[in-house]
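Enquirer: The structure that follows is given in the form of structure tokens.
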Amino acid sequence: MGNFEHDGAQLMREQPTGELLLQCARELLKSKVLPMLQGDAKRDVLMAMNAMSIAQREFQQGTAPDEREQQALAQLLGEPVFDVAQANRELAARIRAGFADPESTERGAVLNHLRDVGKSRLLASNPKVLKGESA
């Protein structure tokens, strides 16, 4: 539990943060546990370590990527977006119906949106893929 500030009105969080805890746990698995494992157990720990890395990068990015996607979808669909997953389904349906066909005036905006979202997701899940590419 944290300590009260001097006025006692607001609870302050002490270290370590969730991000730092993930980093420490990942390093422990990498240096102490992984060398002792083989086969499926080693693969399982590597998958867990990868998930921890993704979570850590998502902590670092905050909510900005989700907010950008929500705003871009609202712009493309021409309506407010409250559910990003539903808005993505709607965009997919519109694309299947010809919304982004080569002759469409919306094609450029749709392609830019899809590239931006793809890059944003890769920054969290696998940033090595983007090495050497301008963001």
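Each chain in the structure tokens gets a letter, A, B and so on, in the order shown; residues start at 1 in every chain, and ligands are counted from 1 in the order they appear.
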Set the distance at 8 Å and use only C-alpha atoms: which residues neighbour range 66-82 of chain A once local chain neighbours fewer than 6 positions away are removed? I'd like the list as a ChimeraX atom specification.
Expert: /A:88,91,106,109-110,113,117
Enquirer: Using DSSP on the backbone, list every residue of range 28-101 of chain A that comes out as alpha helix (DSSP H), and give them as a PyMOL selection string.
Expert: chain A and resi 28+39-61+64-77+84-96
Enquirer: For C-alpha atoms, I'd like the residues from the last selection saved as a PDB file, in the first residue's frame.
Expert:
```pdb
ATOM      1  CA  LEU A  28      13.854 -13.613 -13.601  1.00  0.00           C
ATOM      2  CA  GLY A  39      11.026 -28.896 -24.812  1.00  0.00           C
ATOM      3  CA  ASP A  40       7.410 -27.919 -24.210  1.00  0.00           C
ATOM      4  CA  ALA A  41       8.114 -26.356 -20.818  1.00  0.00           C
ATOM      5  CA  LYS A  42      10.735 -24.061 -22.366  1.00  0.00           C
ATOM      6  CA  ARG A  43       8.346 -23.128 -25.188  1.00  0.00           C
ATOM      7  CA  ASP A  44       5.602 -22.349 -22.669  1.00  0.00           C
ATOM      8  CA  VAL A  45       7.862 -20.047 -20.643  1.00  0.00           C
ATOM      9  CA  LEU A  46       9.032 -18.302 -23.826  1.00  0.00           C
ATOM     10  CA  MET A  47       5.379 -17.681 -24.768  1.00  0.00           C
ATOM     11  CA  ALA A  48       4.683 -16.287 -21.292  1.00  0.00           C
ATOM     12  CA  MET A  49       7.755 -14.048 -21.541  1.00  0.00           C
ATOM     13  CA  ASN A  50       6.569 -12.777 -24.927  1.00  0.00           C
ATOM     14  CA  ALA A  51       3.131 -12.008 -23.466  1.00  0.00           C
ATOM     15  CA  MET A  52       4.818 -10.110 -20.638  1.00  0.00           C
ATOM     16  CA  SER A  53       6.829  -8.062 -23.156  1.00  0.00           C
ATOM     17  CA  ILE A  54       3.669  -7.187 -25.073  1.00  0.00           C
ATOM     18  CA  ALA A  55       1.911  -6.125 -21.866  1.00  0.00           C
ATOM     19  CA  GLN A  56       4.910  -3.993 -20.905  1.00  0.00           C
ATOM     20  CA  ARG A  57       4.919  -2.236 -24.292  1.00  0.00           C
ATOM     21  CA  GLU A  58       1.159  -1.661 -24.026  1.00  0.00           C
ATOM     22  CA  PHE A  59       1.715  -0.068 -20.587  1.00  0.00           C
ATOM     23  CA  GLN A  60       4.293   2.229 -22.188  1.00  0.00           C
ATOM     24  CA  GLN A  61       1.996   3.211 -25.066  1.00  0.00           C
ATOM     25  CA  ALA A  64      -3.203   6.808 -27.245  1.00  0.00           C
ATOM     26  CA  PRO A  65      -3.207   4.067 -29.939  1.00  0.00           C
ATOM     27  CA  ASP A  66      -6.763   3.007 -29.040  1.00  0.00           C
ATOM     28  CA  GLU A  67      -7.942   6.612 -29.016  1.00  0.00           C
ATOM     29  CA  ARG A  68      -6.348   7.288 -32.422  1.00  0.00           C
ATOM     30  CA  GLU A  69      -8.015   4.190 -33.861  1.00  0.00           C
ATOM     31  CA  GLN A  70     -11.379   5.193 -32.441  1.00  0.00           C
ATOM     32  CA  GLN A  71     -11.094   8.706 -33.898  1.00  0.00           C
ATOM     33  CA  ALA A  72      -9.952   7.417 -37.295  1.00  0.00           C
ATOM     34  CA  LEU A  73     -12.817   4.925 -37.453  1.00  0.00           C
ATOM     35  CA  ALA A  74     -15.315   7.664 -36.599  1.00  0.00           C
ATOM     36  CA  GLN A  75     -13.883   9.778 -39.406  1.00  0.00           C
ATOM     37  CA  LEU A  76     -14.007   6.923 -41.934  1.00  0.00           C
ATOM     38  CA  LEU A  77     -17.474   5.731 -40.975  1.00  0.00           C
ATOM     39  CA  VAL A  84     -14.027  -0.130 -31.658  1.00  0.00           C
ATOM     40  CA  ALA A  85     -14.520  -3.847 -32.326  1.00  0.00           C
ATOM     41  CA  GLN A  86     -18.008  -3.208 -33.732  1.00  0.00           C
ATOM     42  CA  ALA A  87     -16.712  -0.270 -35.782  1.00  0.00           C
ATOM     43  CA  ASN A  88     -13.981  -2.495 -37.236  1.00  0.00           C
ATOM     44  CA  ARG A  89     -16.635  -5.070 -38.199  1.00  0.00           C
ATOM     45  CA  GLU A  90     -18.633  -2.287 -39.862  1.00  0.00           C
ATOM     46  CA  LEU A  91     -15.545  -1.079 -41.745  1.00  0.00           C
ATOM     47  CA  ALA A  92     -14.814  -4.646 -42.882  1.00  0.00           C
ATOM     48  CA  ALA A  93     -18.391  -5.014 -44.128  1.00  0.00           C
ATOM     49  CA  ARG A  94     -18.119  -1.729 -46.014  1.00  0.00           C
ATOM     50  CA  ILE A  95     -14.796  -2.788 -47.553  1.00  0.00           C
ATOM     51  CA  ARG A  96     -16.396  -6.053 -48.732  1.00  0.00           C
TER      52      ARG A  96
END
```
